[in-house]
file structure_17.cif (mmCIF, C-alpha atoms)
data_query
loop_
_atom_site.label_atom_id
_atom_site.label_comp_id
_atom_site.auth_asym_id
_atom_site.auth_seq_id
_atom_site.Cartn_x
_atom_site.Cartn_y
_atom_site.Cartn_z
CA MET A 1 0.00 0.00 0.00
CA ARG A 2 2.85 2.35 0.89
CA LYS A 3 4.56 1.68 -2.47
CA LEU A 4 1.28 2.34 -4.29
CA PHE A 5 0.87 5.65 -2.45
CA LEU A 6 4.43 6.65 -3.34
CA PHE A 7 3.86 5.77 -7.00
CA ILE A 8 0.67 7.85 -7.15
CA THR A 9 2.47 10.77 -5.49
CA LEU A 10 5.32 10.63 -8.01
CA LEU A 11 2.88 10.35 -10.91
CA ALA A 12 0.95 13.39 -9.70
CA THR A 13 4.19 15.36 -9.41
CA PHE A 14 5.17 14.40 -12.98
CA VAL A 15 1.79 15.47 -14.37
CA ALA A 16 1.96 18.75 -12.48
CA CYS A 17 5.42 19.47 -13.90
CA SER A 18 4.23 18.77 -17.44
CA LYS A 19 1.54 21.38 -17.20
CA SER A 20 1.85 24.97 -18.27
CA GLU A 21 1.21 28.21 -16.44
CA ASP A 22 -2.52 27.95 -16.98
CA GLY A 23 -2.66 24.28 -16.02
CA ALA A 24 -2.94 22.70 -19.46
CA GLU A 25 -0.74 19.77 -20.42
CA ASN A 26 2.06 20.87 -22.70
CA ASN A 27 4.21 17.82 -23.48
CA ASN A 28 2.89 16.94 -26.95
CA PRO A 29 5.73 17.41 -29.49
CA ASN A 30 3.13 17.87 -32.26
CA ASN A 31 1.61 20.96 -30.67
CA LYS A 32 1.89 24.17 -32.68
CA GLN A 33 3.50 27.35 -31.42
CA ILE A 34 3.11 31.05 -32.19
CA ARG A 35 5.39 33.59 -30.54
CA VAL A 36 4.29 37.22 -30.39
CA LYS A 37 5.92 40.35 -29.07
CA VAL A 38 3.35 42.90 -27.97
CA GLN A 39 3.53 46.65 -27.69
CA ASP A 40 3.96 48.01 -24.19
CA GLY A 41 0.43 49.15 -23.43
CA TRP A 42 1.29 51.36 -20.48
CA TRP A 43 -2.15 52.94 -20.69
CA ILE A 44 -3.89 49.60 -20.14
CA GLU A 45 -4.47 48.49 -16.58
CA ASN A 46 -3.51 44.84 -16.02
CA GLN A 47 -2.14 44.49 -19.57
CA ASP A 48 -0.92 40.94 -18.98
CA GLN A 49 -4.40 39.80 -17.99
CA TYR A 50 -5.90 41.65 -20.97
CA ILE A 51 -3.49 39.91 -23.40
CA ARG A 52 -4.13 36.49 -21.90
CA GLU A 53 -7.88 36.97 -22.21
CA ASP A 54 -7.43 38.13 -25.82
CA ILE A 55 -5.35 35.02 -26.59
CA GLN A 56 -8.08 32.84 -25.07
CA ASP A 57 -10.77 34.61 -27.14
CA VAL A 58 -8.77 34.31 -30.37
CA PHE A 59 -7.66 30.67 -30.10
CA GLY A 60 -10.44 29.19 -27.97
CA ASP A 61 -10.38 25.44 -27.56
CA TYR A 62 -7.15 25.14 -29.55
CA LEU A 63 -5.22 26.89 -26.79
CA VAL A 64 -3.01 24.58 -24.73
CA SER A 65 -0.92 27.05 -22.77
CA ILE A 66 0.56 30.53 -22.58
CA LYS A 67 4.10 31.36 -21.53
CA ARG A 68 5.48 34.84 -21.04
CA GLU A 69 9.03 36.16 -21.11
CA ALA A 70 9.25 39.97 -20.92
CA ASP A 71 7.25 41.36 -23.88
CA TRP A 72 7.09 37.98 -25.65
CA TYR A 73 4.21 35.53 -25.32
CA THR A 74 4.53 31.94 -26.51
CA ILE A 75 1.14 30.55 -27.46
CA ILE A 76 1.00 26.75 -27.51
CA LEU A 77 -1.80 25.32 -29.64
CA SER A 78 -3.11 21.80 -30.11
CA GLU A 79 -1.71 19.63 -32.88
CA ASP A 80 -4.87 19.92 -35.01
CA TYR A 81 -4.47 23.71 -35.30
CA THR A 82 -3.36 24.40 -38.89
CA LYS A 83 -5.15 27.60 -39.97
CA LEU A 84 -4.46 31.02 -38.49
CA ASP A 85 -7.70 33.01 -38.62
CA MET A 86 -6.91 35.91 -36.31
CA ILE A 87 -4.06 37.46 -34.35
CA ILE A 88 -4.22 39.17 -30.99
CA TRP A 89 -4.17 42.92 -30.41
CA GLY A 90 -0.94 44.91 -30.15
CA VAL A 91 1.49 42.53 -31.88
CA VAL A 92 4.67 44.17 -33.19
CA GLU A 93 6.58 40.98 -34.02
CA CYS A 94 5.35 37.45 -34.71
CA VAL A 95 7.00 34.08 -35.34
CA ILE A 96 4.69 31.32 -36.61
CA ASP A 97 5.77 27.74 -35.98
CA GLU A 98 5.92 24.93 -38.52
CA GLY A 99 2.65 23.07 -39.09
CA ILE A 100 0.50 26.10 -39.86
CA THR A 101 -0.54 25.73 -43.51
CA ILE A 102 -3.08 28.52 -44.04
CA ILE A 103 -3.32 32.17 -43.08
CA GLY A 104 -7.02 32.84 -43.48
CA ASP A 105 -8.94 35.78 -44.95
CA GLY A 106 -8.30 38.94 -42.92
CA ALA A 107 -6.29 37.00 -40.33
CA ILE A 108 -3.73 39.73 -39.56
CA LYS A 109 -5.97 42.77 -40.09
CA ARG A 110 -5.68 43.52 -36.37
CA GLY A 111 -1.93 43.80 -36.91
CA ASP A 112 -1.77 47.52 -37.61
CA LEU A 113 1.29 47.68 -35.30
CA LEU A 114 3.02 44.64 -36.85
CA GLU A 115 6.60 45.39 -37.91
CA ARG A 116 8.03 41.90 -38.53
CA ILE A 117 6.63 38.43 -39.11
CA THR A 118 8.31 35.09 -39.80
CA LEU A 119 6.18 32.66 -41.78
CA PRO A 120 6.67 28.87 -41.57
CA LYS A 121 7.97 26.71 -44.41
CA SER A 122 4.79 24.63 -44.03
CA LEU A 123 2.60 27.54 -45.19
CA LYS A 124 0.68 26.87 -48.43
CA LEU A 125 -1.97 29.58 -48.75
CA ILE A 126 -2.36 33.26 -47.82
CA GLY A 127 -6.00 34.35 -47.90
CA ASN A 128 -7.75 37.47 -49.13
CA ASP A 129 -6.97 40.64 -47.12
CA ALA A 130 -4.77 38.52 -44.83
CA PHE A 131 -2.35 41.36 -43.99
CA TRP A 132 -4.49 44.27 -45.14
CA GLY A 133 -3.63 47.50 -43.37
CA CYS A 134 -0.40 46.33 -41.67
CA GLU A 135 1.08 49.77 -42.20
CA GLU A 136 4.26 49.18 -40.18
CA LEU A 137 5.27 46.02 -42.05
CA ALA A 138 8.32 46.80 -44.22
CA LYS A 139 9.45 43.38 -45.41
CA ILE A 140 7.85 40.00 -46.07
CA THR A 141 9.33 36.70 -47.23
CA ILE A 142 6.74 34.28 -48.57
CA PRO A 143 7.93 30.67 -48.15
CA ASP A 144 8.53 28.38 -51.12
CA ASN A 145 5.61 26.05 -50.35
CA VAL A 146 3.00 28.79 -50.74
CA THR A 147 1.04 28.36 -53.96
CA PHE A 148 -1.65 31.05 -53.62
CA ILE A 149 -1.67 34.68 -52.44
CA GLY A 150 -5.18 36.10 -52.09
CA ARG A 151 -6.83 39.29 -53.24
CA GLU A 152 -5.46 42.41 -51.48
CA ALA A 153 -3.50 40.11 -49.18
CA PHE A 154 -0.99 42.89 -48.50
CA GLY A 155 -3.16 45.81 -49.54
CA ASN A 156 -2.67 49.14 -47.80
CA CYS A 157 0.63 48.05 -46.23
CA ALA A 158 1.94 51.57 -46.70
CA ASN A 159 5.49 50.89 -45.51
CA LEU A 160 5.98 47.59 -47.37
CA ARG A 161 9.01 47.93 -49.62
CA ASN A 162 10.67 44.50 -49.82
CA VAL A 163 8.79 41.36 -50.89
CA THR A 164 10.15 37.91 -51.72
CA ILE A 165 7.67 35.59 -53.43
CA GLY A 166 8.35 31.88 -52.98
CA SER A 167 9.25 29.58 -55.84
CA ARG A 168 5.96 27.61 -55.94
CA VAL A 169 3.51 30.51 -56.05
CA SER A 170 1.22 29.99 -59.06
CA GLU A 171 -1.43 32.65 -58.48
CA ILE A 172 -1.40 36.16 -57.01
CA GLY A 173 -4.77 37.79 -56.45
CA THR A 174 -5.96 41.18 -57.66
CA ALA A 175 -4.24 44.10 -55.92
CA ALA A 176 -2.42 41.70 -53.60
CA PHE A 177 0.36 44.26 -53.15
CA TRP A 178 -1.57 47.51 -53.55
CA GLN A 179 -1.05 50.87 -51.83
CA THR A 180 2.41 49.89 -50.60
CA SER A 181 5.59 51.98 -50.40
CA GLU A 182 6.61 54.01 -53.44
CA ASP A 183 9.93 52.13 -53.26
CA LEU A 184 8.46 48.64 -53.61
CA THR A 185 10.90 45.92 -54.70
CA ILE A 186 9.61 42.45 -55.60
CA TYR A 187 11.83 39.36 -55.78
CA CYS A 188 9.74 36.77 -57.63
CA LYS A 189 11.37 33.32 -57.52
CA PRO A 190 9.03 31.15 -59.68
CA HIS A 191 10.50 30.27 -63.08
CA ILE A 192 7.00 30.27 -64.58
CA PRO A 193 5.22 33.61 -64.05
CA PRO A 194 2.34 33.24 -61.57
CA MET A 195 -1.11 34.20 -62.76
CA GLN A 196 -1.74 37.76 -61.59
CA ARG A 197 -4.37 40.46 -62.04
CA GLU A 198 -2.80 43.90 -61.57
CA SER A 199 -1.39 42.51 -58.35
CA PHE A 200 1.33 45.11 -57.80
CA TYR A 201 0.96 48.75 -56.90
CA PRO A 202 2.40 50.88 -59.73
CA ALA A 203 4.76 52.58 -57.29
CA GLU A 204 7.00 55.34 -58.54
CA ASN A 205 10.11 53.23 -57.95
CA LEU A 206 8.66 49.75 -58.45
CA LYS A 207 11.22 47.08 -59.32
CA ILE A 208 10.51 43.42 -60.06
CA TYR A 209 13.37 40.92 -60.10
CA VAL A 210 12.82 37.48 -61.64
CA PRO A 211 15.12 34.54 -62.55
CA TYR A 212 17.47 35.48 -65.41
CA GLU A 213 16.25 32.69 -67.65
CA SER A 214 12.61 33.79 -67.22
CA VAL A 215 12.89 37.51 -67.97
CA ASP A 216 11.34 37.33 -71.46
CA LEU A 217 8.55 35.07 -70.21
CA TYR A 218 7.69 37.49 -67.41
CA LYS A 219 7.78 40.53 -69.69
CA SER A 220 5.36 38.79 -72.01
CA SER A 221 3.03 37.49 -69.30
CA TRP A 222 3.21 40.58 -67.08
CA SER A 223 3.25 43.10 -69.90
CA GLN A 224 1.98 45.99 -67.75
CA TYR A 225 5.16 45.68 -65.66
CA SER A 226 7.60 44.91 -68.50
CA ASP A 227 9.54 48.18 -68.03
CA VAL A 228 10.43 47.36 -64.42
CA ILE A 229 11.25 43.64 -64.75
CA GLU A 230 14.93 42.67 -64.47
CA GLY A 231 16.84 39.41 -64.13
CA ALA A 232 18.53 38.28 -60.92
CA ASN A 233 19.92 35.20 -59.18
CA LEU A 234 17.00 34.11 -57.02
#
call {"tool": "encode", "arguments": {"input": "structure_17.cif", "output": "structure tokens"}}
result
Amino acid sequence: MRKLFLFITLLATFVACSKSEDGAENNNPNNKQIRVKVQDGWWIENQDQYIREDIQDVFGDYLVSIKREADWYTIILSEDYTKLDMIIWGVVECVIDEGITIIGDGAIKRGDLLERITLPKSLKLIGNDAFWGCEELAKITIPDNVTFIGREAFGNCANLRNVTIGSRVSEIGTAAFWQTSEDLTIYCKPHIPPMQRESFYPAENLKIYVPYESVDLYKSSWSQYSDVIEGANL
């Protein structure tokens, strides 16, 4: 009986140690993770509590745990979470873990303070209006596994000036990169020009770099941008 009691005590201790700050188990290696740095909301009373409640509202039943280190929050999500539909308030930097495959329509529209974001290699689709209005975002690298960029996905990102489009993108929606910086530079890696419908803002200093061997193909397919297309090692 004494040995059984000791075993149960040790088991309870192990389970307790495997739980996160909010009491949820967090030892599944297949769980997803999103790290966000939030703006210092000095004007908000109990900001930490506000952010935690916002995280709970945004991720709901998918939420496993929340960890905080200074201004950074690590959001642990269940293994079946694959589509990001919304981000929390006040994010200035975001790192999305592998396993997320879709950024849904309007998902980052609350990110008007967002300055930097790292997208996972697992990402395959960026929805309509996904980053619309992220006016502080200056640079975006779209991973090679993405095949589709939605309509106005990066519309009204007024400070966006450096875009790398992954090698497997086959379609770019209408006005996907519209109302961006006047110094917009696009690095488009696909060897076959993606289907596009006036996707790029005709900025004063727009430049589009494509693989050297595909320059003529791009100038033919993207005739409205032929004057600003140049070859590069991508």
call {"tool": "resolve_selection", "arguments": {"input": "structure_17.cif", "expression": "the PyMOL selection byres ((chain A and resi 64-77) around 10)", "output": "ChimeraX atom specification"}}
result
/A:19-28,30-40,48,51-52,55-56,59-63,78-82,91,93-97
call {"tool": "closest_residue", "arguments": {"input": "structure_17.cif", "among": "A:Pro29, A:Gly90, A:Tyr187, A:Leu160", "to": "Asp54 of chain A", "atoms": "only C-alpha atoms"}}
result
A:Gly90
call {"tool": "atom_distance", "arguments": {"input": "structure_17.cif", "atom1": "atom CA of Ala203 of chain A", "atom2": "atom CA of Thr180 of chain A"}}
result
7.6 Å
call {"tool": "atom_distance", "arguments": {"input": "structure_17.cif", "atom1": "atom CA of Leu125 of chain A", "atom2": "atom CA of Gly104 of chain A"}}
result
8.0 Å
call {"tool": "closest_residue", "arguments": {"input": "structure_17.cif", "among": "A:Asn233, A:Thr174, A:Thr164, A:Ser181", "to": "Glu136 of chain A", "atoms": "only C-alpha atoms"}}
result
A:Ser181
call {"tool": "atom_distance", "arguments": {"input": "structure_17.cif", "atom1": "atom CA of Val146 of chain A", "atom2": "atom CA of Phe200 of chain A"}}
result
17.9 Å
call {"tool": "resolve_selection", "arguments": {"input": "structure_17.cif", "expression": "the PyMOL selection byres ((chain A and resi 225) around 12)", "output": "PyMOL selection string"}}
result
chain A and resi 186+196-203+205-210+215-216+218-224+226-230
call {"tool": "write_last_selection", "arguments": {"input": "structure_17.cif", "atoms": "C-alpha atoms", "output": "short mmCIF file (atom, residue, chain, number, x, y, z; two decimals), in the coordinates of the input"}}
result
data_model
loop_
_atom_site.label_atom_id
_atom_site.label_comp_id
_atom_site.auth_asym_id
_atom_site.auth_seq_id
_atom_site.Cartn_x
_atom_site.Cartn_y
_atom_site.Cartn_z
CA ILE A 186 9.61 42.45 -55.60
CA GLN A 196 -1.74 37.76 -61.59
CA ARG A 197 -4.37 40.46 -62.04
CA GLU A 198 -2.80 43.90 -61.57
CA SER A 199 -1.39 42.51 -58.35
CA PHE A 200 1.33 45.11 -57.80
CA TYR A 201 0.96 48.75 -56.90
CA PRO A 202 2.40 50.88 -59.73
CA ALA A 203 4.76 52.58 -57.29
CA ASN A 205 10.11 53.23 -57.95
CA LEU A 206 8.66 49.75 -58.45
CA LYS A 207 11.22 47.08 -59.32
CA ILE A 208 10.51 43.42 -60.06
CA TYR A 209 13.37 40.92 -60.10
CA VAL A 210 12.82 37.48 -61.64
CA VAL A 215 12.89 37.51 -67.97
CA ASP A 216 11.34 37.33 -71.46
CA TYR A 218 7.69 37.49 -67.41
CA LYS A 219 7.78 40.53 -69.69
CA SER A 220 5.36 38.79 -72.01
CA SER A 221 3.03 37.49 -69.30
CA TRP A 222 3.21 40.58 -67.08
CA SER A 223 3.25 43.10 -69.90
CA GLN A 224 1.98 45.99 -67.75
CA SER A 226 7.60 44.91 -68.50
CA ASP A 227 9.54 48.18 -68.03
CA VAL A 228 10.43 47.36 -64.42
CA ILE A 229 11.25 43.64 -64.75
CA GLU A 230 14.93 42.67 -64.47
#
call {"tool": "residues_around", "arguments": {"input": "structure_17.cif", "residues": "Pro190 of chain A", "least_positions_apart": "2", "cutoff": "12 Å", "atoms": "only C-alpha atoms", "output": "PyMOL selection string"}}
result
chain A and resi 142-147+164-172+187-188+192-195+209-215+217-218+232-234
call {"tool": "residues_around", "arguments": {"input": "structure_17.cif", "residues": "Ala107 of chain A", "least_positions_apart": "3", "cutoff": "7 Å", "atoms": "all atoms listed in the file", "output": "PyMOL selection string"}}
result
chain A and resi 84-87+103-104+130-131
call {"tool": "write_last_selection", "arguments": {"input": "structure_17.cif", "atoms": "C-alpha atoms", "output": "PDB file, keeping the file's coordinate frame"}}
result
ATOM      1  CA  LEU A  84      -4.460  31.020 -38.490  1.00  0.00           C
ATOM      2  CA  ASP A  85      -7.700  33.010 -38.620  1.00  0.00           C
ATOM      3  CA  MET A  86      -6.910  35.910 -36.310  1.00  0.00           C
ATOM      4  CA  ILE A  87      -4.060  37.460 -34.350  1.00  0.00           C
ATOM      5  CA  ILE A 103      -3.320  32.170 -43.080  1.00  0.00           C
ATOM      6  CA  GLY A 104      -7.020  32.840 -43.480  1.00  0.00           C
ATOM      7  CA  ALA A 130      -4.770  38.520 -44.830  1.00  0.00           C
ATOM      8  CA  PHE A 131      -2.350  41.360 -43.990  1.00  0.00           C
TER       9      PHE A 131
END
call {"tool": "residues_near_point", "arguments": {"input": "structure_17.cif", "point": "(-6.1, 41.2, -51.8)", "cutoff": "10 Å", "atoms": "all atoms listed in the file", "output": "ChimeraX atom specification"}}
result
/A:105-106,126-132,149-156,172-178,199
call {"tool": "residues_near_point", "arguments": {"input": "structure_17.cif", "point": "(1.4, 25.9, -46.0)", "cutoff": "7 Å", "atoms": "only C-alpha atoms", "output": "ChimeraX atom specification"}}
result
/A:100-102,121-125,145-146
call {"tool": "resolve_selection", "arguments": {"input": "structure_17.cif", "expression": "the PyMOL selection byres ((chain A and resi 114) around 6)", "output": "VMD selection string"}}
result
chain A and resid 91 to 93 111 to 113 115 to 116 136 to 137
